[in-house]
Every structure is written in C-alpha cells, then in structure tokens.
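First up is the structure itself, then whatever we jot down about it.
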Amino acid sequence: MQPQAWPMVTNHNIWKLLLIIGLMNCTMELVQPGWSNGAMTEFEPGSEKALSQRVMEAELIFSGTVEKLEYSLSQGTADSQGALPYTYVTYRINHIMKGRSTNRDRLTLRFLGGRTPDGRYLEASNMPQFEVNDRDLLFVVNNGGTDCPLVGCQSGRFRVVKKGVYADDGRPVVGINKGHFLYDNQVNSSSAPLTLERVKEAIMEEVARLYSPQELQAFKPVQSAEPGMPASLPTPQDESPPNVMTPSKMGTDAIKEEDRLESEALKHNQGNPVLKKNPSR
Amino acid sequence: MKSKNILLLSLLMTLMYPAVGFSYEKIKCAGITQKWGSNSVQMRASGTGFPSGVWRNALTESIDLWNQNPSKFKFTLSYNEPGVGKGNFQNEIWWTSSLSAPAVAYYWYTCLTGHLVEADVVFRTTTPYHYTHNKKTLSGYGGGSRSFQTVAVHELGHALGLKHVSYTYNAMGSDSTHMHANGSTAYAYPGEDASHGAVALYGNDNATNDVAIAHWRWTGFSGEYSTHARTRVFNSSGSLLPSFTDAGEPRYRVNKGQQVRLEMSYENLGSGCKSTPVKYYISTNDLITTWDRHIGTGNVSVCRNTVYTTSNTTLTIPNDLTSGANYHLGAIIDPDNAIAETNEANNSSYVGIRIN
C-alpha cells in the first residue's frame with residue numbers, strides 16, 4: 001500500500017500544527033509518550049532499574065531544556081532497511097551530574113521516529129516525546145548508536161514541571177527508597193513530587209559513591225548526534241529464535257487418576273468445561 | 001512555558017481517566033484515527049525467525065487469537081519471508097538481539113489521511129520467552145518465562161491500530177498478567193477492551209459470540225500500562241479474607257460453613273451483549289468443570305465495553321470439607337451451553353482456598 005502524498009510544509013510548522021490540532025481534539029497522542037517502543041513488552045512496571053544501575057549505565061546525566069527539534073532521515077542501508085526518520089532533540093544543558101558533553105552547553109540526542117519526505121510517519125511503541133522548552137533530567141547512553149539514547153529509554157527521562165520531578169509518563173516521583181525511585185501509580189494521584197534539587201542531590205550522592213573524581217574526569221565526552229547520520233542499527237538483524245527447553249523436559253507434577261480423567265474429558269470436549277456426566281460417579 | 005507544562009500534565013491526568021464505558025486507545029495523529037484501509041492485513045513472518053516448528057506455531061496461534069475477535073478485521077500470516085526491515089511497505093515479524101525492549105511494534109501512518117501503511121513487530125531473542133501453555137513455566141504464575149503469545153497478542157494489537165491502555169484489565173497493558181487459565185494451562189487472548197477497540201476501528205462482524213471468565217483484575221497503572229493482580233475471595237460483608245502465596249499463586253483461608261464471595265472478571269468477547277448464568281463450584285484441583293461440586297448460581301450481564309470484575313454472589317463453603325486441605329473455588333459462565341461460542345474453552349477459572 002502506498003502512502004498518501006503530503007503537501008510540503010516545514011517540519012517545524014507541521015509538528016506545531018499537529019500539536020495544536022491534537023490538543024483541540026483532546027487526544028492522548030500528544031501528551032502520551034509518542035514514539036513509544038514495544039509493550040509492557042516495551043517496559044515492565046516494577047522492573048525499573050535501581051538508581052545505582054542507571055548511574056552506572058549512563059554515560060552522561062544532566063538536566064536541561066529542549067531548545068530545538070529537528071526531523072531528518074538517516075542514511076539508508078544496503079539491505080532491505082531503507083532510510084528511517086529520526087527526531088533530533090537539542091538540549092541546553094543546565095547541570096551535569098555525571099560525564100561530559102563535547103559541547104559543554106548543548107547536546108543533541110537522536111530518537112527513532114518522525115516524518116519522512118513522502119508524508120509517512122513512523123512511531124515505535126516506547127519512545128518519549130519532546131517539545132521545545134521541555135525541562136528534563138536525562139540518563140544518556142550510546143547517543144546515535146541506538147534507537148533511543150536513554151537508559152531504559154522512556155524510564156531514562158524525567159520531566160521537570162515547576163520544581164517537581166515526574167516520570168516521562170506523568171507519574172510523580174514521590175520518593176527514593178532502597179536505591180529505587182518511587183512513583184505514585186494510583187489513579188487520581190495527588191501526591192507532591194520530589195523537587196528537582198532533591199533528585200539531583202540523590203543522583204550526585206550516588207555518583208560520588210560509585211566514582212572517584214579522577215574516574216569522572218576520565219569519561220569520554222558524549223557527542224551530539226548530527227541529522228543524516230546512519231541508522232542506529234546497520235541491519236534489522238533478522239535472527240533465529242531462541243532455544244528453549246521443551247515443555248516435556250520441564251517435569252510435571254504427579255497427577256491423581258480422577259484429575260487425569262477430568263483433564264482428558266475436558267480435552268475431549270475441546271476445552272469446554274461443561275462436561276457430560278462423570279461416568280465414575 | 002511553565003503554564004504550558006502544567007496544562008500538559010493536567011491534560012494527561014484528565015485524559016487518563018475518561019468517564020466512558022471503554023478504555024481502548026486508538027493510534028491517532030493530530031486527532032485523526034490511523035487505521036488500515038482494508039479489513040484484511042497480511043503479516044509476513046521471517047523465514048529465519050519463524051521456520052516450521054514451535055515458534056511459528058506460537059505466532060500462528062497469536063494471529064488466530066486476534067482473528068477470533070468480533071470485528072471485521074482479520075490478519076493473514078505468510079511464512080518464510082526472505083528479507084525483513086522497517087520502512088519497506090511490508091508488515092513483517094522477526095527476531096533480533098538488538099532491541100532495547102522485549103518486543104517493539106513499529107507502525108507507519110499517513111497522519112492526515114488516517115491510514116496505517118506498515119506495521120512491523122520485532123521480538124528480542126534475549127528475553128526469556130516460551131511458547132508453552134504450561135502455566136507454571138510462565139511469569140504470571142510464578143515461572144521464569146515470558147509468554148510469547150501474550151506479547152505477540154499485545155504487539156499485534158499495535159499492528160491493528162491500538163495503543164497502550166492503563167485504566168482497565170487489558171492485553172494492551174501488562175500482557176503477562178492478562179491470560180485465561182483453567183487447570184495447568186494458561187492462554188493469551190486479546191480480551192474485551194482490545195476487542196472493543198477492534199470493533200470501533202473496523203466495525204462489528206455481528207457474528208461472534210464469546211463470553212469468558214478470568215481470574216485477573218485491573219489494579220492500577222504503571223506509565224502507559226494497566227497493572228493486574230489476581231481476583232480475590234471476600235467474606236459475606238465484603239472484607240478481604242487472609243491469603244498466602246502457594247506455588248506462585250494466591251490461596252485464601254476459609255472456614256467450613258463460611259459465607260464467601262468469589263471475585264472474578266467476566267468478559268464479553270463477542271458481538272453483542274449477553275446475560276447468562278454463572279455456576280460456582282468447589283474443586284479438589286484447579287481444573288474447573290461441571291464434574292466439580294456445584295455450590296451456587298449467579299447471573300451476569302456483560303456487554304463488550306468494560307470488563308466486569310465482581311463478587312456479586314454469596315457462596316457457602318461446604319461443612320464436609322477437610323481441614324487443612326487445599327481446594328479451589330471456581331466459576332463457569334454459560335454453564336448450560338446456551339450460547340454458541342467461538343471459544344468455549346475460556347468459560348471457567350479458579351481461585352485457590354485452604355480450609356481452616
């Protein structure tokens with residue numbers, strides 16, 4: 001199926017337009033993380049990384065403000081994967097908690113998703129969504145080398161609204177307990193979030209605990225992504241499925257004869273639990 | 001810009017809890033729903049990732065599960081796709097180790113003309129997937145494996161045009177705890193809300209009848225995803241009975257002769273509303289059939305909108321059960337086979353109890 005043609009409008013304006021129309025239509029599209037990546041599949045609640053793990057995985061941790069959004073195709077590859085649309089998000093860096101950036105004031109991060117020149121849009125099921133002037137706290141890793149350059153993707157971005165810190169999806173960060181961020185997951189949450197200063201303090205404490213000043217200075221600076229750079233993965237890596245143990249080798253519990261008969265009867269009845277009368281009764 | 005951020009977050013919180021009878025989220029762009037231009041969409045399974053065998057069978061099963069939904073939409077599935085990739089106008093399914101999540105759906109749309117034009121589904125090889133229906137192997141039942149089929153159903157939901165859902169029991173939320181189980185087996189399924197979403201997108205086939213029972217319920221949300229927990233057992237005044245975890249599943253402590261209420265989630269996965277009896281049983285095993293001991297009858301009315309999680313019938317635990325022994329309270333919806341259903345195998349489920 002060919003995509004419909006799209007009138008040429010500048011990327012910046014079309015996204016502004018989409019934002020306005022989206023808000024008018026009160027859809028969740030523009031307020032939910034948009035370029036999402038796969039499914040509780042993409043992200044499993046309760047499985048979020050500990051703060052220490054996030055700190056160790058991140059090459060750069062900083063707070064900053066989105067200054068510019070650009071949309072650009074990657075270079076295509078020789079195989080069946082063509083050029084892919086990416087969103088380039090440029091931050092004005094306010095405070096670095098770990099690592100260095102090649103440009104001390106600015107950093108451009110690249111995320112999969114966006115518009116192609118022929119008018120198609122690509123959305124992946126776990127990417128965060130950005131707007132100019134968003135204030136964020138980010139755990140950056142492998143910028144330009146992956147589809148989403150944040151530790152845990154969505155969970156590597158925190159939003160700052162007023163002085164409070166929220167998860168990318170809007171849940172307030174209400175505490176840090178045993179090295180894990182705590183969120184208010186309740187419907188109709190009214191919990192007050194931790195302040196940005198408090199969260200930064202916790203991160204810096206963790207950084208200081210894990211690294212010496214010399215180690216921190218030795219980190220390689222993170223480079224900005226440049227529009228038009230190659231796709232993050234050179235090929236889609238079409239691989240063989242995993243090898244798993246077959247169910248018959250997993251062992252089964254001993255089963256009573258009456259249970260076996262009931263199970264057999266159910267199977268015979270195509271799973272319908274309304275069975276004919278039990279012949280043994 | 002502070003006020004804009006506050007507005008956005010307020011809007012987010014408001015929109016997360018709509019006062020409507022459904023929860024499905026359609027893929028939208030600029031307020032325009034994005035859907036396929038046809039009611040039949042071909043998915044192509046990689047020849048490398050899904051050769052003849054168990055994984056192909058599991059993928060085929062997942063496609064078939066969606067094709068039992070009451071909308072006019074159907075997937076077709078072809079095998080042995082030689083080359084796969086994003087942005088090639090073909091809907092492909094493959095495995096890779098290079099993925100930042102257990103699975104990802106990549107969907108392409110035209111926005112203002114409202115058409116989905118490509119949807120690819122990719123699974124991560126390093127996730128501990130299993131294709132088995134043996135519930136003890138699966139993470140929702142205390143096992144160590146992720147059900148491939150629940151994830152596939154979730155991702156295929158994206159491919160159909162649905163987004164994540166956080167505010168009802170839903171396959172588009174936490175999929176590993178969205179299963180139908182009876183006895184030793186557990187099966188994935190799209191569920192009521194996602195089926196409702198498919199009907200909203202592609203129309204009602206007006207031919208599918210399917211009612212179901214699940215022992216999972218909605219508990220809240222984590223980000224975009226609904227969270228689920230097992231259904232419960234209450235006393236007659238509605239207080240939760242004490243429980244403990246037994247082999248990865250909850251088990252409630254009850255007294256002989258005690259009046260209890262069994263909570264279950266009742267679903268309508270078909271085309272139209274149904275009102276049907278529900279019979280309750282006590283069983284010595286976790287397989288609930290009409291061979292078990294009947295202890296009560298109730299009634300539910302289920303339309304295809306919000307999953308009906310209720311404990312609306314009072315039951316009496318028989319006095320002649322053995323103290324210290326394990327039993328299961330079970331329920332069978334449509335216990336007289338009055339409804340000709342596309343799937344009769346999802347009509348019963350259980351909750352474990354121990355007699356004090």
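Residue numbering restarts at 1 in every chain; chains get A, B, ... in the order shown in the structure tokens, and ligands count up from 1 in that same order.
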Pull the closest atom pair for each residue of chain B that gets at most 7 Å from chain A, along with the distance in Å to one decimal, counting only C-alpha atoms, ordering rows by chain and then ascending residue number, as a Markdown table.
| residue | atom | partner | partner_atom | distance |
| --- | --- | --- | --- | --- |
| B:Met1 | CA | A:Asn133 | CA | 6.8 |
| B:Lys2 | CA | A:Lys162 | CA | 6.4 |
| B:Asn5 | CA | A:Val161 | CA | 6.3 |
| B:Ile6 | CA | A:Val161 | CA | 6.7 |
| B:Leu8 | CA | A:Val31 | CA | 6.4 |
| B:Leu9 | CA | A:Gly170 | CA | 6.4 |
| B:Leu12 | CA | A:Val31 | CA | 5.8 |
| B:Leu15 | CA | A:Met28 | CA | 6.6 |
| B:Lys28 | CA | A:Glu29 | CA | 6.0 |
| B:Cys29 | CA | A:Glu29 | CA | 6.6 |
| B:Ala30 | CA | A:Gly22 | CA | 4.3 |
| B:Gly31 | CA | A:Gly22 | CA | 4.9 |
| B:Thr48 | CA | A:Ser240 | CA | 5.4 |
| B:Gly49 | CA | A:Ser240 | CA | 4.5 |
| B:Gly83 | CA | A:Ser80 | CA | 6.4 |
| B:Val84 | CA | A:Ser80 | CA | 6.3 |
| B:Gly85 | CA | A:Gln81 | CA | 4.6 |
| B:Lys86 | CA | A:Gln81 | CA | 5.6 |
| B:Gly87 | CA | A:Gly82 | CA | 6.2 |
| B:Asn88 | CA | A:Gln81 | CA | 6.7 |
| B:Phe89 | CA | A:Met1 | CA | 6.7 |
| B:Trp94 | CA | A:Asp238 | CA | 6.0 |
| B:Trp95 | CA | A:Glu239 | CA | 5.3 |
| B:Thr96 | CA | A:Glu239 | CA | 5.2 |
| B:Ala101 | CA | A:Glu42 | CA | 4.7 |
| B:Pro102 | CA | A:Thr41 | CA | 5.3 |
| B:Ala103 | CA | A:Gly38 | CA | 4.9 |
| B:Val104 | CA | A:Gly38 | CA | 3.1 |
| B:Ala105 | CA | A:Gly38 | CA | 5.2 |
| B:Tyr106 | CA | A:Ala124 | CA | 4.4 |
| B:Tyr107 | CA | A:Glu123 | CA | 5.4 |
| B:Trp108 | CA | A:Leu122 | CA | 4.4 |
| B:Tyr109 | CA | A:Tyr121 | CA | 5.2 |
| B:Thr110 | CA | A:Arg120 | CA | 4.8 |
| B:Val117 | CA | A:Met1 | CA | 6.2 |
| B:Thr125 | CA | A:Pro242 | CA | 5.5 |
| B:His130 | CA | A:Val244 | CA | 6.9 |
| B:Thr132 | CA | A:Pro247 | CA | 6.6 |
| B:Val151 | CA | A:Thr41 | CA | 6.2 |
| B:His154 | CA | A:Ala39 | CA | 6.9 |
| B:Glu155 | CA | A:Ala39 | CA | 6.8 |
| B:Gly173 | CA | A:Met40 | CA | 6.3 |
| B:Ser174 | CA | A:Met40 | CA | 5.2 |
| B:Asp175 | CA | A:Met40 | CA | 6.4 |
| B:Gly220 | CA | A:Gln186 | CA | 6.1 |
| B:Phe221 | CA | A:Asn185 | CA | 5.8 |
| B:Ser222 | CA | A:Pro45 | CA | 5.6 |
| B:Gly223 | CA | A:Asp169 | CA | 5.2 |
| B:Glu224 | CA | A:Asp169 | CA | 6.9 |
| B:Tyr225 | CA | A:Met40 | CA | 6.5 |
| B:Ile288 | CA | A:Pro273 | CA | 6.8 |
| B:Thr289 | CA | A:Pro273 | CA | 4.4 |
| B:Thr290 | CA | A:Val274 | CA | 5.3 |
| B:Trp291 | CA | A:Asn278 | CA | 6.1 |
| B:Pro335 | CA | A:Val274 | CA | 6.1 |
| B:Glu344 | CA | A:Asn272 | CA | 4.9 |
| B:Ala345 | CA | A:Gly271 | CA | 4.2 |
| B:Asn347 | CA | A:Pro273 | CA | 7.0 |
| B:Ser348 | CA | A:Pro273 | CA | 6.6 |
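In this model, the gap between CA of Thr227 in chain B and CA of Thr313 in chain B comes to 25.3 Å.
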- Message: I'd like the contact shell of range 230-233 of chain B - 7 Å cut-off, only C-alpha atoms, skipping same-chain residues fewer than 4 positions apart - returned as a list in words.
- Response: His215, Trp216, Arg217, Leu240, Leu241, Tyr252, Val260, Arg261, Leu262, Glu263 and Met264 of chain B
Write out the residues from the selection above, keeping N, CA, C and O atoms, as a short mmCIF file (atom, residue, chain, number, x, y, z; two decimals), in the first residue's frame.
data_model
loop_
_atom_site.label_atom_id
_atom_site.label_comp_id
_atom_site.auth_asym_id
_atom_site.auth_seq_id
_atom_site.Cartn_x
_atom_site.Cartn_y
_atom_site.Cartn_z
N HIS B 215 -9.30 -14.93 36.05
CA HIS B 215 -9.01 -14.70 37.46
C HIS B 215 -7.95 -13.61 37.64
O HIS B 215 -7.17 -13.62 38.58
N TRP B 216 -7.95 -12.67 36.73
CA TRP B 216 -7.12 -11.47 36.81
C TRP B 216 -8.03 -10.25 36.84
O TRP B 216 -9.15 -10.29 36.31
N ARG B 217 -7.55 -9.18 37.42
CA ARG B 217 -8.34 -7.95 37.51
C ARG B 217 -7.42 -6.74 37.39
O ARG B 217 -6.21 -6.84 37.63
N LEU B 240 -11.81 -8.57 52.78
CA LEU B 240 -10.88 -9.49 52.12
C LEU B 240 -10.42 -10.55 53.11
O LEU B 240 -10.04 -10.24 54.24
N LEU B 241 -10.45 -11.79 52.68
CA LEU B 241 -10.02 -12.88 53.56
C LEU B 241 -8.48 -12.98 53.55
O LEU B 241 -7.84 -12.59 52.58
N TYR B 252 -6.55 -18.49 49.59
CA TYR B 252 -7.28 -17.82 50.67
C TYR B 252 -7.67 -18.81 51.76
O TYR B 252 -8.03 -19.96 51.47
N VAL B 260 -18.87 -16.80 51.63
CA VAL B 260 -17.80 -16.05 50.95
C VAL B 260 -18.32 -15.50 49.62
O VAL B 260 -19.37 -15.93 49.11
N ARG B 261 -17.57 -14.56 49.12
CA ARG B 261 -17.85 -14.03 47.76
C ARG B 261 -16.60 -14.21 46.91
O ARG B 261 -15.52 -13.76 47.30
N LEU B 262 -16.75 -14.85 45.78
CA LEU B 262 -15.63 -15.10 44.87
C LEU B 262 -15.60 -14.01 43.81
O LEU B 262 -16.56 -13.83 43.06
N GLU B 263 -14.51 -13.30 43.76
CA GLU B 263 -14.35 -12.25 42.75
C GLU B 263 -13.79 -12.86 41.47
O GLU B 263 -12.82 -13.61 41.52
N MET B 264 -14.39 -12.53 40.35
CA MET B 264 -13.87 -12.95 39.04
C MET B 264 -14.09 -11.82 38.05
O MET B 264 -14.91 -10.93 38.28
#
- Item | Spatial neighbours of Tyr189 in chain B, max dist 12 Å, only C-alpha atoms, sep filter under 2 positions, as an NGL selection string | :B and (61-69 or 147-154 or 156-157 or 169-172 or 175-181 or 186-187 or 191-195 or 210 or 212-214 or 267 or 269 or 343 or 345-346)
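The set of residues in range 118-160 of chain A assigned to strand (DSSP E or B) by DSSP, using only backbone atoms of this structure, is Tyr121, Leu122, Glu123, Ala124, Asn126, Arg135, Asp136, Leu137, Leu138, Phe139, Val140, Leu150, Arg157, Phe158, Arg159 and Val160 of chain A.
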Write the residues you've just listed into a file as a compact mmCIF listing (two decimals), in the first residue's frame, and include N, CA and C atoms for each of them.
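Result file selection.txt:
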# COMPACT_ATOMS: atom_id res chain seq x y z
N TYR A 121 4.66 8.74 8.60
CA TYR A 121 5.18 8.93 9.96
C TYR A 121 5.51 7.56 10.53
N LEU A 122 6.63 7.50 11.21
CA LEU A 122 7.00 6.26 11.91
C LEU A 122 6.86 6.49 13.41
N GLU A 123 6.20 5.57 14.07
CA GLU A 123 6.11 5.61 15.52
C GLU A 123 6.51 4.24 16.03
N ALA A 124 7.36 4.22 17.03
CA ALA A 124 7.73 2.94 17.65
C ALA A 124 7.14 2.94 19.05
N ASN A 126 7.98 2.63 22.23
CA ASN A 126 8.45 3.06 23.59
C ASN A 126 9.23 4.37 23.66
N ARG A 135 11.54 20.78 30.18
CA ARG A 135 12.66 20.72 31.13
C ARG A 135 12.78 19.28 31.61
N ASP A 136 13.93 18.71 31.43
CA ASP A 136 14.10 17.27 31.68
C ASP A 136 15.37 16.99 32.47
N LEU A 137 15.36 15.78 33.05
CA LEU A 137 16.56 15.22 33.66
C LEU A 137 16.79 13.90 32.92
N LEU A 138 17.99 13.72 32.34
CA LEU A 138 18.19 12.60 31.42
C LEU A 138 19.40 11.75 31.78
N PHE A 139 19.23 10.45 31.59
CA PHE A 139 20.32 9.48 31.73
C PHE A 139 20.67 9.02 30.31
N VAL A 140 21.77 9.52 29.77
CA VAL A 140 22.09 9.33 28.35
C VAL A 140 23.07 8.17 28.15
N LEU A 150 18.67 6.71 25.77
CA LEU A 150 18.46 6.90 27.20
C LEU A 150 18.48 5.54 27.90
N ARG A 157 14.19 9.18 31.14
CA ARG A 157 13.85 10.60 31.05
C ARG A 157 12.89 10.98 32.17
N PHE A 158 13.18 12.05 32.88
CA PHE A 158 12.27 12.58 33.90
C PHE A 158 11.88 14.00 33.48
N ARG A 159 10.63 14.30 33.68
CA ARG A 159 10.13 15.64 33.35
C ARG A 159 10.21 16.51 34.59
N VAL A 160 10.50 17.79 34.37
CA VAL A 160 10.51 18.74 35.48
C VAL A 160 9.42 19.76 35.22
- Query: If you run DSSP on this backbone, which residues of range 35-234 of chain A come out as alpha helix (DSSP H), and could you give them as an MDAnalysis selection string?
  - Reply: chainID A and resid 51:57 196:210 213:217
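The interatomic distance for the pair CA of Met229 in chain A and CA of Ala58 in chain A works out to 21.9 Å.
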